[in-house]
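Source file: run-v1.pdb. Holds: PDB, N, CA and C atoms, pLDDT in the B column.
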```pdb
ATOM      1  N   MET A   1      53.216 -80.632-195.796  1.00 55.00           N
ATOM      2  CA  MET A   1      53.373 -79.199-195.714  1.00 55.00           C
ATOM      3  C   MET A   1      52.121 -78.542-196.310  1.00 55.00           C
ATOM      4  N   GLU A   2      51.490 -77.699-195.514  1.00 72.00           N
ATOM      5  CA  GLU A   2      50.258 -77.047-195.929  1.00 72.00           C
ATOM      6  C   GLU A   2      50.538 -75.623-196.400  1.00 72.00           C
ATOM      7  N   ALA A   3      49.849 -75.209-197.453  1.00 79.00           N
ATOM      8  CA  ALA A   3      50.020 -73.863-197.996  1.00 79.00           C
ATOM      9  C   ALA A   3      49.371 -72.834-197.070  1.00 79.00           C
ATOM     10  N   SER A   4      49.974 -71.649-197.030  1.00 91.00           N
ATOM     11  CA  SER A   4      49.406 -70.569-196.225  1.00 91.00           C
ATOM     12  C   SER A   4      48.110 -70.086-196.877  1.00 91.00           C
ATOM     13  N   PRO A   5      47.258 -69.420-196.122  1.00 94.00           N
ATOM     14  CA  PRO A   5      46.020 -68.896-196.709  1.00 94.00           C
ATOM     15  C   PRO A   5      46.287 -67.944-197.891  1.00 94.00           C
ATOM     16  N   ARG A   6      47.334 -67.134-197.777  1.00 94.00           N
ATOM     17  CA  ARG A   6      47.664 -66.211-198.874  1.00 94.00           C
ATOM     18  C   ARG A   6      48.102 -66.977-200.116  1.00 94.00           C
ATOM     19  N   HIS A   7      48.935 -67.989-199.929  1.00 95.00           N
ATOM     20  CA  HIS A   7      49.410 -68.810-201.047  1.00 95.00           C
ATOM     21  C   HIS A   7      48.232 -69.504-201.717  1.00 95.00           C
ATOM     22  N   ARG A   8      47.345 -70.051-200.898  1.00 96.00           N
ATOM     23  CA  ARG A   8      46.160 -70.747-201.422  1.00 96.00           C
ATOM     24  C   ARG A   8      45.270 -69.785-202.206  1.00 96.00           C
ATOM     25  N   ALA A   9      45.061 -68.581-201.666  1.00 96.00           N
ATOM     26  CA  ALA A   9      44.214 -67.590-202.337  1.00 96.00           C
ATOM     27  C   ALA A   9      44.832 -67.162-203.673  1.00 96.00           C
ATOM     28  N   MET A  10      46.149 -66.972-203.671  1.00 97.00           N
ATOM     29  CA  MET A  10      46.821 -66.576-204.913  1.00 97.00           C
ATOM     30  C   MET A  10      46.718 -67.689-205.953  1.00 97.00           C
ATOM     31  N   SER A  11      46.883 -68.928-205.516  1.00 97.00           N
ATOM     32  CA  SER A  11      46.798 -70.068-206.433  1.00 97.00           C
ATOM     33  C   SER A  11      45.384 -70.212-207.001  1.00 97.00           C
ATOM     34  N   GLU A  12      44.382 -70.001-206.144  1.00 97.00           N
ATOM     35  CA  GLU A  12      42.996 -70.100-206.602  1.00 97.00           C
ATOM     36  C   GLU A  12      42.675 -68.997-207.603  1.00 97.00           C
ATOM     37  N   ARG A  13      43.152 -67.781-207.335  1.00 98.00           N
ATOM     38  CA  ARG A  13      42.902 -66.675-208.257  1.00 98.00           C
ATOM     39  C   ARG A  13      43.622 -66.915-209.588  1.00 98.00           C
ATOM     40  N   HIS A  14      44.833 -67.466-209.531  1.00 98.00           N
ATOM     41  CA  HIS A  14      45.590 -67.786-210.737  1.00 98.00           C
ATOM     42  C   HIS A  14      44.818 -68.799-211.587  1.00 98.00           C
ATOM     43  N   ALA A  15      44.296 -69.839-210.937  1.00 98.00           N
ATOM     44  CA  ALA A  15      43.538 -70.865-211.655  1.00 98.00           C
ATOM     45  C   ALA A  15      42.253 -70.288-212.250  1.00 98.00           C
ATOM     46  N   ARG A  16      41.592 -69.409-211.482  1.00 98.00           N
ATOM     47  CA  ARG A  16      40.357 -68.785-211.966  1.00 98.00           C
ATOM     48  C   ARG A  16      40.643 -67.921-213.203  1.00 98.00           C
ATOM     49  N   LEU A  17      41.726 -67.155-213.151  1.00 98.00           N
ATOM     50  CA  LEU A  17      42.092 -66.325-214.301  1.00 98.00           C
ATOM     51  C   LEU A  17      42.454 -67.192-215.501  1.00 98.00           C
ATOM     52  N   ASP A  18      43.146 -68.300-215.255  1.00 97.00           N
ATOM     53  CA  ASP A  18      43.508 -69.212-216.337  1.00 97.00           C
ATOM     54  C   ASP A  18      42.243 -69.709-217.041  1.00 97.00           C
ATOM     55  N   HIS A  19      41.240 -70.059-216.247  1.00 97.00           N
ATOM     56  CA  HIS A  19      39.965 -70.526-216.810  1.00 97.00           C
ATOM     57  C   HIS A  19      39.278 -69.406-217.603  1.00 97.00           C
ATOM     58  N   GLU A  20      39.260 -68.199-217.049  1.00 96.00           N
ATOM     59  CA  GLU A  20      38.623 -67.066-217.733  1.00 96.00           C
ATOM     60  C   GLU A  20      39.334 -66.739-219.037  1.00 96.00           C
ATOM     61  N   ILE A  21      40.653 -66.785-219.042  1.00 95.00           N
ATOM     62  CA  ILE A  21      41.419 -66.488-220.251  1.00 95.00           C
ATOM     63  C   ILE A  21      41.126 -67.526-221.325  1.00 95.00           C
ATOM     64  N   ALA A  22      41.064 -68.790-220.932  1.00 95.00           N
ATOM     65  CA  ALA A  22      40.750 -69.857-221.891  1.00 95.00           C
ATOM     66  C   ALA A  22      39.347 -69.669-222.464  1.00 95.00           C
ATOM     67  N   LYS A  23      38.401 -69.311-221.592  1.00 95.00           N
ATOM     68  CA  LYS A  23      37.025 -69.085-222.036  1.00 95.00           C
ATOM     69  C   LYS A  23      36.962 -67.891-222.986  1.00 95.00           C
ATOM     70  N   ASP A  24      37.667 -66.811-222.626  1.00 93.00           N
ATOM     71  CA  ASP A  24      37.690 -65.621-223.486  1.00 93.00           C
ATOM     72  C   ASP A  24      38.335 -65.925-224.833  1.00 93.00           C
ATOM     73  N   GLY A  25      39.359 -66.758-224.832  1.00 88.00           N
ATOM     74  CA  GLY A  25      40.041 -67.101-226.077  1.00 88.00           C
ATOM     75  C   GLY A  25      39.156 -67.880-227.029  1.00 88.00           C
ATOM     76  N   ALA A  26      38.181 -68.577-226.479  1.00 90.00           N
ATOM     77  CA  ALA A  26      37.272 -69.366-227.306  1.00 90.00           C
ATOM     78  C   ALA A  26      36.134 -68.513-227.875  1.00 90.00           C
ATOM     79  N   SER A  27      36.003 -67.298-227.388  1.00 90.00           N
ATOM     80  CA  SER A  27      34.911 -66.432-227.834  1.00 90.00           C
ATOM     81  C   SER A  27      35.393 -65.447-228.893  1.00 90.00           C
ATOM     82  N   PRO A  28      34.684 -65.357-229.999  1.00 89.00           N
ATOM     83  CA  PRO A  28      35.078 -64.385-231.031  1.00 89.00           C
ATOM     84  C   PRO A  28      34.779 -62.940-230.611  1.00 89.00           C
ATOM     85  N   PHE A  29      34.051 -62.772-229.518  1.00 90.00           N
ATOM     86  CA  PHE A  29      33.656 -61.443-229.063  1.00 90.00           C
ATOM     87  C   PHE A  29      34.461 -60.964-227.858  1.00 90.00           C
ATOM     88  N   SER A  30      35.549 -61.659-227.551  1.00 90.00           N
ATOM     89  CA  SER A  30      36.323 -61.279-226.369  1.00 90.00           C
ATOM     90  C   SER A  30      37.060 -59.958-226.599  1.00 90.00           C
ATOM     91  N   ASP A  31      37.270 -59.242-225.530  1.00 93.00           N
ATOM     92  CA  ASP A  31      37.963 -57.959-225.542  1.00 93.00           C
ATOM     93  C   ASP A  31      39.460 -58.229-225.370  1.00 93.00           C
ATOM     94  N   ASP A  32      40.246 -57.938-226.408  1.00 93.00           N
ATOM     95  CA  ASP A  32      41.678 -58.227-226.377  1.00 93.00           C
ATOM     96  C   ASP A  32      42.387 -57.507-225.231  1.00 93.00           C
ATOM     97  N   LEU A  33      41.980 -56.286-224.936  1.00 95.00           N
ATOM     98  CA  LEU A  33      42.609 -55.546-223.841  1.00 95.00           C
ATOM     99  C   LEU A  33      42.301 -56.184-222.492  1.00 95.00           C
ATOM    100  N   GLU A  34      41.089 -56.668-222.335  1.00 95.00           N
ATOM    101  CA  GLU A  34      40.709 -57.330-221.088  1.00 95.00           C
ATOM    102  C   GLU A  34      41.477 -58.639-220.924  1.00 95.00           C
ATOM    103  N   VAL A  35      41.632 -59.387-222.007  1.00 95.00           N
ATOM    104  CA  VAL A  35      42.402 -60.631-221.961  1.00 95.00           C
ATOM    105  C   VAL A  35      43.860 -60.324-221.603  1.00 95.00           C
ATOM    106  N   ALA A  36      44.425 -59.293-222.198  1.00 96.00           N
ATOM    107  CA  ALA A  36      45.808 -58.906-221.895  1.00 96.00           C
ATOM    108  C   ALA A  36      45.951 -58.504-220.428  1.00 96.00           C
ATOM    109  N   ARG A  37      44.957 -57.784-219.908  1.00 97.00           N
ATOM    110  CA  ARG A  37      44.983 -57.374-218.502  1.00 97.00           C
ATOM    111  C   ARG A  37      44.957 -58.598-217.591  1.00 97.00           C
ATOM    112  N   LYS A  38      44.097 -59.559-217.920  1.00 97.00           N
ATOM    113  CA  LYS A  38      44.014 -60.783-217.121  1.00 97.00           C
ATOM    114  C   LYS A  38      45.328 -61.564-217.177  1.00 97.00           C
ATOM    115  N   LYS A  39      45.964 -61.588-218.344  1.00 97.00           N
ATOM    116  CA  LYS A  39      47.227 -62.301-218.480  1.00 97.00           C
ATOM    117  C   LYS A  39      48.324 -61.648-217.640  1.00 97.00           C
ATOM    118  N   LYS A  40      48.324 -60.327-217.581  1.00 98.00           N
ATOM    119  CA  LYS A  40      49.322 -59.622-216.759  1.00 98.00           C
ATOM    120  C   LYS A  40      49.116 -59.940-215.280  1.00 98.00           C
ATOM    121  N   ILE A  41      47.866 -59.935-214.847  1.00 98.00           N
ATOM    122  CA  ILE A  41      47.565 -60.248-213.448  1.00 98.00           C
ATOM    123  C   ILE A  41      47.965 -61.687-213.144  1.00 98.00           C
ATOM    124  N   LYS A  42      47.650 -62.595-214.072  1.00 98.00           N
ATOM    125  CA  LYS A  42      47.982 -64.001-213.883  1.00 98.00           C
ATOM    126  C   LYS A  42      49.495 -64.186-213.763  1.00 98.00           C
ATOM    127  N   LEU A  43      50.259 -63.499-214.606  1.00 98.00           N
ATOM    128  CA  LEU A  43      51.716 -63.596-214.552  1.00 98.00           C
ATOM    129  C   LEU A  43      52.249 -63.035-213.226  1.00 98.00           C
ATOM    130  N   SER A  44      51.674 -61.936-212.782  1.00 98.00           N
ATOM    131  CA  SER A  44      52.077 -61.344-211.513  1.00 98.00           C
ATOM    132  C   SER A  44      51.802 -62.309-210.357  1.00 98.00           C
ATOM    133  N   LEU A  45      50.654 -62.955-210.390  1.00 98.00           N
ATOM    134  CA  LEU A  45      50.322 -63.945-209.360  1.00 98.00           C
ATOM    135  C   LEU A  45      51.300 -65.117-209.399  1.00 98.00           C
ATOM    136  N   LYS A  46      51.632 -65.571-210.611  1.00 97.00           N
ATOM    137  CA  LYS A  46      52.572 -66.677-210.754  1.00 97.00           C
ATOM    138  C   LYS A  46      53.921 -66.307-210.153  1.00 97.00           C
ATOM    139  N   ASP A  47      54.400 -65.101-210.446  1.00 97.00           N
ATOM    140  CA  ASP A  47      55.665 -64.640-209.887  1.00 97.00           C
ATOM    141  C   ASP A  47      55.603 -64.607-208.361  1.00 97.00           C
ATOM    142  N   GLY A  48      54.485 -64.129-207.815  1.00 96.00           N
ATOM    143  CA  GLY A  48      54.326 -64.079-206.368  1.00 96.00           C
ATOM    144  C   GLY A  48      54.297 -65.456-205.746  1.00 96.00           C
ATOM    145  N   ILE A  49      53.610 -66.376-206.384  1.00 96.00           N
ATOM    146  CA  ILE A  49      53.524 -67.753-205.883  1.00 96.00           C
ATOM    147  C   ILE A  49      54.903 -68.402-205.907  1.00 96.00           C
ATOM    148  N   GLU A  50      55.618 -68.231-207.007  1.00 96.00           N
ATOM    149  CA  GLU A  50      56.959 -68.808-207.104  1.00 96.00           C
ATOM    150  C   GLU A  50      57.912 -68.190-206.074  1.00 96.00           C
ATOM    151  N   GLY A  51      57.771 -66.886-205.859  1.00 94.00           N
ATOM    152  CA  GLY A  51      58.594 -66.221-204.857  1.00 94.00           C
ATOM    153  C   GLY A  51      58.329 -66.770-203.456  1.00 94.00           C
ATOM    154  N   MET A  52      57.063 -67.017-203.165  1.00 92.00           N
ATOM    155  CA  MET A  52      56.703 -67.594-201.863  1.00 92.00           C
ATOM    156  C   MET A  52      57.269 -69.014-201.735  1.00 92.00           C
ATOM    157  N   ASN A  53      57.221 -69.768-202.825  1.00 91.00           N
ATOM    158  CA  ASN A  53      57.745 -71.131-202.803  1.00 91.00           C
ATOM    159  C   ASN A  53      59.253 -71.137-202.564  1.00 91.00           C
ATOM    160  N   ARG A  54      59.958 -70.200-203.214  1.00 90.00           N
ATOM    161  CA  ARG A  54      61.417 -70.132-203.056  1.00 90.00           C
ATOM    162  C   ARG A  54      61.811 -69.722-201.646  1.00 90.00           C
ATOM    163  N   SER A  55      61.048 -68.804-201.075  1.00 86.00           N
ATOM    164  CA  SER A  55      61.411 -68.288-199.742  1.00 86.00           C
ATOM    165  C   SER A  55      60.836 -69.142-198.612  1.00 86.00           C
ATOM    166  N   GLY A  56      60.076 -70.154-198.961  1.00 78.00           N
ATOM    167  CA  GLY A  56      59.484 -71.010-197.933  1.00 78.00           C
ATOM    168  C   GLY A  56      58.218 -70.420-197.336  1.00 78.00           C
ATOM    169  N   GLY A  57      57.643 -69.431-197.997  1.00 61.00           N
ATOM    170  CA  GLY A  57      56.440 -68.785-197.485  1.00 61.00           C
ATOM    171  C   GLY A  57      55.168 -69.564-197.723  1.00 61.00           C
ATOM    172  N   ALA A  58      55.271 -70.699-198.360  1.00 58.00           N
ATOM    173  CA  ALA A  58      54.083 -71.510-198.645  1.00 58.00           C
ATOM    174  C   ALA A  58      53.658 -72.337-197.441  1.00 58.00           C
ATOM    175  N   THR A  59      54.440 -72.320-196.396  1.00 54.00           N
ATOM    176  CA  THR A  59      54.086 -73.121-195.221  1.00 54.00           C
ATOM    177  C   THR A  59      53.387 -72.322-194.183  1.00 54.00           C
TER
END
```

The structure in this file should be written as structure tokens.
Amino acid sequence: MEASPRHRAMSERHARLDHEIAKDGASPFSDDLEVARKKKIKLSLKDGIEGMNRSGGAT
């Protein structure tokens, strides 16, 4: 079963944000508001990905 282009794009963006958040967390100069914004977007993407998986939209 192959993921749809939208599912793949959402998963890639989620992974990219995860990497950015980890990198920001390692920096003493990171902007807490920016990190919080990225975390909200990441959570929203996760919810969307899970919703697609439940409804069978990943195919």

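All protein and nucleic acid residues in the vicinity of (50.2, -66.1, -199.7), that is within 8 Å when counting only N, CA and C atoms, are A:Ala3, A:Ser4, A:Pro5, A:Arg6, A:His7, A:Arg8, A:Ala9, A:Met10, A:Ser11, A:Gly48, A:Ile49, A:Met52, A:Gly57, A:Ala58.
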
*Selection dump of the PyMOL selection byres ((chain A and resi 12-24) around 8), as a list in words*: Arg6, His7, Arg8, Ala9, Met10, Ser11, Gly25, Ala26, Ser27, Pro28, Phe29, Ser30, Asp31, Glu34, Val35, Lys38, Lys39, Ile41, Lys42, Leu43, Leu45 and Lys46 of chain A

Listed atoms of stretch 11-22 of chain A, axis-aligned box, 4 Å per side: centre and edge lengths to one decimal in Å, as AutoDock Vina command-line options?
```
--center_x 42.8 --center_y -68.6 --center_z -214.0 --size_x 16.3 --size_y 12.5 --size_z 24.9
```

*Write down as an MDAnalysis selection string the residues of chain A whose backbone DSSP state falls under helix (DSSP H, G or I).*
chainID A and resid 5:25 32:55

*asked:* Please compute the atom C of A:Gly56-atom N of A:Arg37 distance, one decimal, in Å.
replied: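 Taking atom C of A:Gly56 as the start and atom N of A:Arg37 as the end point, the length is 29.1 Å.
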
*Atomic distance atom N of A:Asp32 - atom C of A:Glu50, expressed in Å with one decimal*: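 Taking atom N of A:Asp32 as the start and atom C of A:Glu50 as the end point, the length is 28.8 Å.
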
*Hey, can you check how far atom C of A:Glu2 sits from atom CA of A:Asp47?*
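Computing it gives 18.1 Å between the two atoms.
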
Stretch 11-30 of chain A rebuilt with N, CA, C and O atoms, output as a short mmCIF file (atom, residue, chain, number, x, y, z; two decimals), in the frame of the given file:
```
data_model
loop_
_atom_site.label_atom_id
_atom_site.label_comp_id
_atom_site.auth_asym_id
_atom_site.auth_seq_id
_atom_site.Cartn_x
_atom_site.Cartn_y
_atom_site.Cartn_z
N SER A 11 46.88 -68.93 -205.52
CA SER A 11 46.80 -70.07 -206.43
C SER A 11 45.38 -70.21 -207.00
O SER A 11 45.21 -70.49 -208.20
N GLU A 12 44.38 -70.00 -206.14
CA GLU A 12 43.00 -70.10 -206.60
C GLU A 12 42.68 -69.00 -207.60
O GLU A 12 42.02 -69.24 -208.62
N ARG A 13 43.15 -67.78 -207.34
CA ARG A 13 42.90 -66.68 -208.26
C ARG A 13 43.62 -66.92 -209.59
O ARG A 13 43.08 -66.64 -210.66
N HIS A 14 44.83 -67.47 -209.53
CA HIS A 14 45.59 -67.79 -210.74
C HIS A 14 44.82 -68.80 -211.59
O HIS A 14 44.68 -68.63 -212.80
N ALA A 15 44.30 -69.84 -210.94
CA ALA A 15 43.54 -70.86 -211.66
C ALA A 15 42.25 -70.29 -212.25
O ALA A 15 41.88 -70.61 -213.38
N ARG A 16 41.59 -69.41 -211.48
CA ARG A 16 40.36 -68.78 -211.97
C ARG A 16 40.64 -67.92 -213.20
O ARG A 16 39.90 -67.97 -214.19
N LEU A 17 41.73 -67.16 -213.15
CA LEU A 17 42.09 -66.32 -214.30
C LEU A 17 42.45 -67.19 -215.50
O LEU A 17 42.11 -66.86 -216.64
N ASP A 18 43.15 -68.30 -215.26
CA ASP A 18 43.51 -69.21 -216.34
C ASP A 18 42.24 -69.71 -217.04
O ASP A 18 42.17 -69.74 -218.28
N HIS A 19 41.24 -70.06 -216.25
CA HIS A 19 39.97 -70.53 -216.81
C HIS A 19 39.28 -69.41 -217.60
O HIS A 19 38.78 -69.64 -218.71
N GLU A 20 39.26 -68.20 -217.05
CA GLU A 20 38.62 -67.07 -217.73
C GLU A 20 39.33 -66.74 -219.04
O GLU A 20 38.68 -66.45 -220.05
N ILE A 21 40.65 -66.78 -219.04
CA ILE A 21 41.42 -66.49 -220.25
C ILE A 21 41.13 -67.53 -221.32
O ILE A 21 40.94 -67.19 -222.50
N ALA A 22 41.06 -68.79 -220.93
CA ALA A 22 40.75 -69.86 -221.89
C ALA A 22 39.35 -69.67 -222.46
O ALA A 22 39.13 -69.83 -223.67
N LYS A 23 38.40 -69.31 -221.59
CA LYS A 23 37.02 -69.08 -222.04
C LYS A 23 36.96 -67.89 -222.99
O LYS A 23 36.30 -67.94 -224.02
N ASP A 24 37.67 -66.81 -222.63
CA ASP A 24 37.69 -65.62 -223.49
C ASP A 24 38.34 -65.92 -224.83
O ASP A 24 37.90 -65.40 -225.87
N GLY A 25 39.36 -66.76 -224.83
CA GLY A 25 40.04 -67.10 -226.08
C GLY A 25 39.16 -67.88 -227.03
O GLY A 25 39.35 -67.83 -228.25
N ALA A 26 38.18 -68.58 -226.48
CA ALA A 26 37.27 -69.37 -227.31
C ALA A 26 36.13 -68.51 -227.88
O ALA A 26 35.41 -68.96 -228.76
N SER A 27 36.00 -67.30 -227.39
CA SER A 27 34.91 -66.43 -227.83
C SER A 27 35.39 -65.45 -228.89
O SER A 27 36.39 -64.75 -228.70
N PRO A 28 34.68 -65.36 -230.00
CA PRO A 28 35.08 -64.39 -231.03
C PRO A 28 34.78 -62.94 -230.61
O PRO A 28 35.23 -62.00 -231.25
N PHE A 29 34.05 -62.77 -229.52
CA PHE A 29 33.66 -61.44 -229.06
C PHE A 29 34.46 -60.96 -227.86
O PHE A 29 34.10 -59.98 -227.23
N SER A 30 35.55 -61.66 -227.55
CA SER A 30 36.32 -61.28 -226.37
C SER A 30 37.06 -59.96 -226.60
O SER A 30 37.42 -59.60 -227.72
#
```
